[in-house]
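A.B. asks: Okay, handing you the structure first.
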There are 6 protein chains.
Amino acid sequence: MTRFADYQNSFPNARLTRSQSGVLEVTLHSDGGVLVFDGHTHEQFVDLFHAIGSDPENRVVILTGSGAAFIEQISPDGFDFFSPRGYDKIYREGKKVLMNILDIEAPMITALNGPVRLHSEYALLTDIILATPETVFQDKPHFDFGIVPGDGVNLLWPEVIGSIRGRYFLLTRQELDAETARQWGVVNEIVPAERLLARAHEIAEGIAALPPLTSRYTRIALTQKLRRIVDEGIGYGLALEGVSAADVARASAANG
Amino acid sequence: MTRFADYQNSFPNARLTRSQSGVLEVTLHSDGGVLVFDGHTHEQFVDLFHAIGSDPENRVVILTGSGAAFIEQISPDGFDFFSPRGYDKIYREGKKVLMNILDIEAPMITALNGPVRLHSEYALLTDIILATPETVFQDKPHFDFGIVPGDGVNLLWPEVIGSIRGRYFLLTRQELDAETARQWGVVNEIVPAERLLARAHEIAEGIAALPPLTSRYTRIALTQKLRRIVDEGIGYGLALEGVSAADVARASAANG
Amino acid sequence: MTRFADYQNSFPNARLTRSQSGVLEVTLHSDGGVLVFDGHTHEQFVDLFHAIGSDPENRVVILTGSGAAFIEQISPDGFDFFSPRGYDKIYREGKKVLMNILDIEAPMITALNGPVRLHSEYALLTDIILATPETVFQDKPHFDFGIVPGDGVNLLWPEVIGSIRGRYFLLTRQELDAETARQWGVVNEIVPAERLLARAHEIAEGIAALPPLTSRYTRIALTQKLRRIVDEGIGYGLALEGVSAADVARASAANG
Amino acid sequence: MTRFADYQNSFPNARLTRSQSGVLEVTLHSDGGVLVFDGHTHEQFVDLFHAIGSDPENRVVILTGSGAAFIEQISPDGFDFFSPRGYDKIYREGKKVLMNILDIEAPMITALNGPVRLHSEYALLTDIILATPETVFQDKPHFDFGIVPGDGVNLLWPEVIGSIRGRYFLLTRQELDAETARQWGVVNEIVPAERLLARAHEIAEGIAALPPLTSRYTRIALTQKLRRIVDEGIGYGLALEGVSAADVARASAANG
Amino acid sequence: MTRFADYQNSFPNARLTRSQSGVLEVTLHSDGGVLVFDGHTHEQFVDLFHAIGSDPENRVVILTGSGAAFIEQISPDGFDFFSPRGYDKIYREGKKVLMNILDIEAPMITALNGPVRLHSEYALLTDIILATPETVFQDKPHFDFGIVPGDGVNLLWPEVIGSIRGRYFLLTRQELDAETARQWGVVNEIVPAERLLARAHEIAEGIAALPPLTSRYTRIALTQKLRRIVDEGIGYGLALEGVSAADVARASAANG
Amino acid sequence: MTRFADYQNSFPNARLTRSQSGVLEVTLHSDGGVLVFDGHTHEQFVDLFHAIGSDPENRVVILTGSGAAFIEQISPDGFDFFSPRGYDKIYREGKKVLMNILDIEAPMITALNGPVRLHSEYALLTDIILATPETVFQDKPHFDFGIVPGDGVNLLWPEVIGSIRGRYFLLTRQELDAETARQWGVVNEIVPAERLLARAHEIAEGIAALPPLTSRYTRIALTQKLRRIVDEGIGYGLALEGVSAADVARASAANG
């Protein structure tokens with residue numbers, strides 16, 4: 001069994017604090033500011049969610065970002081998308097990170113402090129989503145790089161907003177504002193930025209007041225379908241993304 | 001093959017009448033007034049839905065309540081949630097009641113005459129839902145008792161209103177008014193109380209005018225997915241609810 | 001591998017044109033005007049979608065209709081619903097046509113030029129749906145003929161608009177206008193008739209600009225769930241529809 | 001909750017006795033001799049298995065036959081295979097009877113006292129199969145009548161003996177002797193006729209000695225996969241069987 | 001609807017003859033001798049099985065080979081395994097060929113005239129397998145080329161011979177002789193070479209004597225599970241095979 | 001990414017050595033002798049398999065035991081089966097340990113050095129099983145303690161040896177000798193004890209000679225079905241086991 005002190009300070013891009021009642025706040029960041037997502041955070045977050053899920057003292061988890069965005073910038077640092085063995089690392093981590101989020105048995109709340117333009121599927125695997133009015137959703141880098149959005153957004157957006165809406169969202173790189181997202185069932189509440197975390201903690205403390213087995217088993221009972229969707233589809237989607245990346249690399253080499 | 005006369009008067013908490021065209025109206029009640037749900041009705045409704053499903057003369061089924069609520073009050077009478085063998089009865093009945101509703105091959109209409117604060121999943125398994133403006137939806141007793149909402153609401157709410165909305169609804173004990181429920185796809189029509197049953201019968205007679213195999217096989221074709229969802233998930237959800245109840249009992253005994 | 005010239009002119013009820021960039025426009029029609037759907041088109045469209053799916057040069061597919069409706073009229077010509085061997089042809093073709101649409105790996109856009117009163121499931125299997133303000137959706141002929149709507153509408157409407165809405169839509173022969181359809185997630189954009197195709201091509205060219213494996217594998221990654229739904233349910237739904245048709249035939253013969 | 005006395009003598013073709021320890025012996029028969037299977041037993045067995053499953057006092061169930069065969073003879077009495085409404089009754093009962101067997105939570109043992117030439121799927125849904133040396137397995141009447149073997153044998157034989165063996169068994173009307181059946185995993189033990197029931201009771205008493213929730217929940221844990229197989233496939237198989245019967249009837253009428 | 005004359009002579013590597021009763025014999029060959037499997041046959045067989053499945057006059061299908069082997073030799077001609085776009089063709093055809101075999105609704109018999117060292121999954125999708133004493137099974141070229149055996153053998157061998165046996169068979173390139181294959185349930189009958197086709201036709205004529213809907217719907221009822229297994233797993237397996245091929249190509253280029 | 005040195009010496013009950021070619025040998029033991037399985041090893045093995053799966057340098061994994069048995073003895077030390085919160089730890093670990101084995105992407109070989117009387121499902125999740133002539137299989141402690149065998153043996157034994165054999169094996173606490181296990185497809189090879197590990201390494205080196213992505217992706221392609229079986233069923237089985245344990249505890253307290 002993992003203890004909080006063992007992992008609290010292990011993650012350079014995630015600040016962890018936990019209340020007396022077991023509400024864990026996880027703030028993604030780069031040097032305290034907006035997170036820059038790169039190959040190192042991709043690997044790090046696999047372990048981050050694994051650690052959180054291994055500690056039964058976490059009663060509720062709040063996931064949030066730093067600065068003006070939740071996840072918006074991507075850097076190629078630490079990524080090798082364009083060789084099979086380089087991509088293999090992304091494939092392995094990409095499968096694990098989603099299952100590790102689902103293996104967190106504590107109910108989860110995402111407090112979106114701003115735009116989410118990549119890895120929006122992290123939020124969709126949590127149970128409750130609060131967003132500021134400035135929040136927008138988009139899946140941008142995949143098509144910008146010319147590769148398949150196969151890392152789970154392909155599975156979860158159609159599941160959450162509906163089949164036709166979800167496919168349009170990804171194929172057209174649609175930008176979804178917070179109010180539309182609320183109407184389409186992605187966002188539960190829109191909360192001004194200055195009250196966002198307070199509201200997340202208010203909900204979290206309500207859940208943390210339940211008996212411990214009850215809150216955890218409720219998340220299990222509510223996420224069985226998502227486990228199936230992810231387990232069945234994530235490997236295939238990532239493999240297709242990998243083949244498309246290999247093709248882009250080859251075309252680029254041929255043109256270079 | 002079961003005949004109407006054999007079971008029409010067998011259920012103290014359900015008044016059954018049937019039109020010439022085969023439209024069965026089922027009114028849940030306690031002594032003619034608002035239903036008080038207890039361990040006896042839990043057992044009784046297993047047999048009620050089994051009887052309805054065993055009678056091919058039922059062409060359409062209308063399910064409604066009495067007085068100011070559909071199902072709002074719960075009484076501990078006849079329930080033993082807190083010992084494994086006591087809970088076993090709830091587990092057995094809880095699995096059966098949902099499959100028995102799905103085994104009714106006649107199209108089903110729920111006419112919600114007021115609030116539904118427990119066993120809202122009964123309505124979600126029917127094909128059409130009408131509600132009065134006063135109707136509200138909530139899942140209340142599970143968390144009030146400190147136990148997992150694992151009796152099917154965990155499966156059906158995310159299915160009907162979407163994954164993020166459904167999980168929020170249960171985790172926060174949200175109260176959903178009729179108009180929001182209509183916008184979210186739970187309610188097909190909001191109808192004033194005095195016209196509720198008339199409208200239900202109007203729709204029912206339209207369906208009852210179809211050839212008998214056609215209406216029944218249409219419900220079968222429309223509910224295959226729900227059978228799968230329920231059959232795959234209901235036992236596990238109820239088992240988790242049972243473990244949480246055993247834990248509550250133990251904590252309560254320790255504190256007592 | 002199939003080439004465009006081999007099949008471009010093979011389909012009397014579908015006019016095919018393809019842009020330099022590989023955007024295939026498929027216009028369903030009868031003699032250049034509104035399509036009259038009959039047993040011959042039922043058979044022809046199986047081959048049409050198979051041909052489209054066999055040609056990897058198709059980068060994006062736009063499906064549209066002619067005149068004032070997408071598919072509204074049905075003619076009994078070429079259909080034999082009412083004998084088992086006659087129905088067997090419908091059953092075989094009905095299974096194949098949907099899987100053939102899903103076997104098209106190019107992203108698909110439906111541009112609805114007016115009402116869809118039968119085989120609306122074709123559109124629901126495409127990824128993006130544009131509609132004119134005059135478009136309405138309905139499933140009409142099945143119940144008009146007294147038979148089960150088991151050809152896929154039973155599977156796809158509840159999937160796209162939600163379980164309760166989808167069952168109501170079919171059981172009441174509801175007519176859904178374009179704006180409601182947009183709010184319920186069936187339609188992505190409402191576009192005036194005169195701009196409909198231009199807008200479809202605008203979106204299509206955006207997708208066609210992606211690397212070829214990327215656009216195709218994205219559609220594959222986005223439609224895995226639909227393949228499962230169709231493959232698991234379509235044969236059973238059509239078989240139930242066939243039994244109901246045999247019963248209607250028998251009742252009609254007995255009354256005749 | 002059902003009590004033994006309520007149903008013990010309700011079934012003309014099943015003799016029920018129960019030991020002190022809760023081992024229920026169910027002997028299928030016609031007038032005390034070999035069972036003649038007909039439309040009346042088809043209906044009766046739906047209720048028989050439902051009653052057994054509704055009584056938690058049944059700790060283990062032994063299913064056996066009378067005289068020289070388990071189920072070998074079929075009579076057309078009470079069956080109407082050849083009209084859609086007649087077949088509808090068979091379809092409804094056929095779906096229910098298998099699910100009712102699976103709804104029996106007590107571990108089940110089949111003691112095969114001789115040949116099984118129809119409804120062998122009943123035995124395959126029980127947990128343990130003992131057979132006499134004279135026992136043979138075959139699926140005979142379906143193809144003799146010219147109809148699809150779609151009542152569950154199509155699902156369960158490939159599951160139990162393997163895909164290629166199971167398909168050959170049905171397509172060639174293969175007769176499987178007891179020893180081959182044992183080698184192929186259908187039969188657990190071959191026991192001389194005079195010791196058959198004694199051995200069944202010996203095993204049953206061993207299981208009945210377990211705590212009651214334990215033995216029942218073990219059967220549940222062991223049969224989840226079978227529930228899925230049956231629930232997903234039985235309706236479709238029976239519908240195909242029904243269409244084939246309608247075709248046979250029509251061909252026969254045309255030739256008659 | 002396709003007619004025999006339209007496709008009988010369309011396939012250079014498959015000789016097709018059909019009996020009066022509708023038994024189609026399909027003999028795979030290269031210039032009349034043992035088939036040499038290459039990229040051209042890979043593409044051709046997609047169309048071959050599609051044509052067979054589109055012709056309802058085929059009542060039973062017998063699949064066999066020429067000369068001393070069923071499929072034993074592979075030639076690189078027409079294959080481009082080692083670039084993403086080259087592999088894309090293999091991926092598309094590989095998915096289609098298995099679904100096209102399953103789309104053949106006529107019962108299928110494989111008459112193995114000798115060793116099968118690649119694409120053994122074709123046989124496993126047929127319903128009955130006869131083999132000569134000289135027949136052996138092996139999956140050889142995948143590991144010889146250093147790539148993943150992901151074209152369906154990974155799905156079907158564990159299904160047919162068991163999970164542990166199937167995984168060992170592929171991982172160790174095990175050679176399975178006819179008698180072991182018979183004991184493990186892959187082969188139904190071992191027949192001397194000179195009687196092989198006669199025995200296949202004897203069984204085929206027995207099945208062809210059933211009413212036409214009955215034999216076809218029986219194959220449908222017997223292969224639903226295989227459709228699911230193939231549809232769910234084939235694309236992913238082939239994508240993994242493709243990534244492994246891209247890696248082999250790259251390593252080879254680096255070493256070359 | 002985890003490195004071997006980081007975890008090689010972290011597990012008191014597992015000795016880890018790795019060859020140059022990446023063949024990892026994992027020997028389960030207690031103080032160098034036969035493993036005594038207890039609550040501490042239950043927790044430790046979750047981490048053990050997680051560590052192995054996180055290290056891509058492991059090319060093939062051999063799992064074996066020490067002394068005269070693989071896993072035969074169980075000690076109550078560190079286990080609290082009989083309170084809900086105590087059982088919760090077992091439930092969490094029990095779910096994780098099986099998924100962690102399946103998350104090992106390297107092909108796995110179990111070398112059974114003697115009897116396996118508990119947690120035999122570990123071996124069934126590996127790809128190849130070698131056994132000494134002295135090896136026997138049994139599931140003993142569950143029924144000895146009076147609780148449901150719900151930790152995965154319920155899912156995997158029927159999958160590997162067949163439905164009827166697997167249910168009999170568990171319900172009768174059958175002891176399966178090595179030769180019968182080989183005939184039933186559980187064991188691939190029976191090897192004398194002194195040659196057991198040599199043979200395991202011989203097979204392992206053959207697999208380790210494949211390109212690294214190829215061997216790993218082959219295991220992925222071969223175990224998709226097992227992931228589904230485990231992910232869908234393990235939580236429910238363990239929850240039922242937990243309820244049965246709570247009942248045993250209560251009955252025991254009442255009798256004490």
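In the structure tokens, each chain is lettered A, B, ... as it comes, each chain's residues begin at 1, and ligands are numbered from 1 in order of appearance.
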Compute the set of chain D residues within 12 Å of chain F, using only C-alpha atoms, and express it as JSON, numbers by chain.

C.D. replies: {"D": [60, 106, 107, 108, 109, 110, 123, 124, 125, 126, 127, 128, 129, 130, 156, 157, 158, 159, 160, 161, 162, 163, 181, 182, 183, 184, 185, 186, 187, 188, 189, 200, 202, 203, 204, 205, 206, 207, 208, 209, 210, 211, 212, 213, 214, 215, 216, 217, 218, 219, 220, 221, 222, 223, 224, 225, 226, 228]}

A.B. asks: Which of range 1-215 of chain E end up as strand (DSSP E) when DSSP is run on this backbone - answer as a compact mmCIF listing (two decimals) with C-alpha atoms, in the first residue's frame?

C.D. replies:
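Contents of result.txt, as written:
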# COMPACT_ATOMS: atom_id res chain seq x y z
CA ALA E 14 -9.22 -20.65 -57.85
CA ARG E 15 -10.96 -23.24 -59.99
CA LEU E 16 -14.71 -23.22 -59.37
CA THR E 17 -17.18 -25.97 -60.21
CA ARG E 18 -20.72 -26.37 -58.97
CA VAL E 23 -22.34 -27.64 -53.97
CA LEU E 24 -19.54 -25.30 -54.99
CA GLU E 25 -16.03 -26.73 -55.06
CA VAL E 26 -13.29 -24.13 -54.83
CA THR E 27 -9.78 -25.38 -55.58
CA LEU E 28 -6.93 -23.02 -54.80
CA VAL E 36 1.98 -20.15 -54.25
CA PHE E 37 0.54 -17.49 -52.00
CA VAL E 60 -22.61 -25.55 -49.68
CA VAL E 61 -18.99 -24.57 -50.30
CA ILE E 62 -16.03 -26.96 -50.36
CA LEU E 63 -12.62 -25.31 -50.12
CA THR E 64 -9.59 -27.36 -51.09
CA GLN E 73 4.58 -21.53 -50.05
CA ILE E 74 4.69 -17.77 -49.88
CA MET E 108 -18.49 -24.45 -45.64
CA ILE E 109 -16.27 -27.51 -45.62
CA THR E 110 -12.49 -27.40 -45.91
CA ALA E 111 -10.86 -30.47 -47.45
CA LEU E 112 -7.22 -30.18 -46.52
CA ILE E 128 -16.22 -28.67 -41.10
CA ILE E 129 -12.60 -29.67 -41.64
CA LEU E 130 -11.49 -32.89 -43.28
CA ALA E 131 -7.79 -33.66 -43.62
CA VAL E 136 0.11 -30.65 -40.88
CA PHE E 137 -0.67 -27.23 -39.44
CA LEU E 176 0.68 -30.03 -35.57
CA ASP E 177 0.07 -33.36 -37.26
CA GLU E 189 -12.23 -36.54 -39.94
CA ILE E 190 -8.93 -37.86 -41.31

A.B. asks: Enter the distance from CA of Tyr7 in chain D to CA of His40 in chain B, in Å, rounded to one decimal.

C.D. replies: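 Distance between the two atoms: 21.4 Å.
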
A.B. asks: Using only C-alpha atoms, which residue out of B:His42, B:Arg3, B:Arg173, B:Arg195 lies closest to Lys95 in chain B?

C.D. replies: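 Looking only at the distances to Lys95 in chain B, the closest residue turns out to be B:His42.
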
A.B. asks: Would you list the contacts of Ile71 in chain F as a list in words, taking every protein, DNA or RNA residue within 8 Å and counting only C-alpha atoms, but skipping same-chain residues closer than 3 positions in sequence?

C.D. replies: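 Here the answer would be Val34, Leu35, Val36, Phe37, Gly65, Pro115, Val116, Arg117, Leu118 and His119 of chain F.
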
A.B. asks: Take the selection from the previous step and output its residues with N, CA and C atoms, as a PDB file, in the first residue's frame.

C.D. replies:
ATOM      1  N   VAL F  34       9.737 -23.666  -0.442  1.00  0.00           N
ATOM      2  CA  VAL F  34       8.382 -23.595  -0.987  1.00  0.00           C
ATOM      3  C   VAL F  34       7.681 -22.319  -0.505  1.00  0.00           C
ATOM      4  N   LEU F  35       7.040 -21.659  -1.422  1.00  0.00           N
ATOM      5  CA  LEU F  35       6.330 -20.435  -1.090  1.00  0.00           C
ATOM      6  C   LEU F  35       5.192 -20.714  -0.111  1.00  0.00           C
ATOM      7  N   VAL F  36       5.109 -19.903   0.930  1.00  0.00           N
ATOM      8  CA  VAL F  36       3.920 -19.884   1.773  1.00  0.00           C
ATOM      9  C   VAL F  36       3.155 -18.617   1.395  1.00  0.00           C
ATOM     10  N   PHE F  37       1.983 -18.814   0.828  1.00  0.00           N
ATOM     11  CA  PHE F  37       1.206 -17.685   0.334  1.00  0.00           C
ATOM     12  C   PHE F  37       0.443 -17.066   1.492  1.00  0.00           C
ATOM     13  N   GLY F  65       8.478 -21.846  -9.273  1.00  0.00           N
ATOM     14  CA  GLY F  65       8.448 -21.893  -7.817  1.00  0.00           C
ATOM     15  C   GLY F  65       9.707 -22.523  -7.240  1.00  0.00           C
ATOM     16  N   PRO F 115       2.904 -29.071  -7.275  1.00  0.00           N
ATOM     17  CA  PRO F 115       1.478 -28.767  -7.137  1.00  0.00           C
ATOM     18  C   PRO F 115       1.142 -27.278  -7.088  1.00  0.00           C
ATOM     19  N   VAL F 116      -0.038 -26.984  -7.638  1.00  0.00           N
ATOM     20  CA  VAL F 116      -0.623 -25.641  -7.601  1.00  0.00           C
ATOM     21  C   VAL F 116      -2.002 -25.795  -6.997  1.00  0.00           C
ATOM     22  N   ARG F 117      -2.162 -25.396  -5.777  1.00  0.00           N
ATOM     23  CA  ARG F 117      -3.463 -25.593  -5.129  1.00  0.00           C
ATOM     24  C   ARG F 117      -4.175 -24.273  -4.848  1.00  0.00           C
ATOM     25  N   LEU F 118      -3.515 -23.170  -5.153  1.00  0.00           N
ATOM     26  CA  LEU F 118      -4.221 -21.887  -5.070  1.00  0.00           C
ATOM     27  C   LEU F 118      -3.587 -20.939  -6.079  1.00  0.00           C
ATOM     28  N   HIS F 119      -4.370 -19.951  -6.472  1.00  0.00           N
ATOM     29  CA  HIS F 119      -3.938 -18.969  -7.472  1.00  0.00           C
ATOM     30  C   HIS F 119      -3.370 -19.618  -8.730  1.00  0.00           C
TER      31      HIS F 119
END

A.B. asks: By how many Å are CA of Phe79 in chain A and CA of Ala249 in chain A apart?

C.D. replies: 13.5 Å
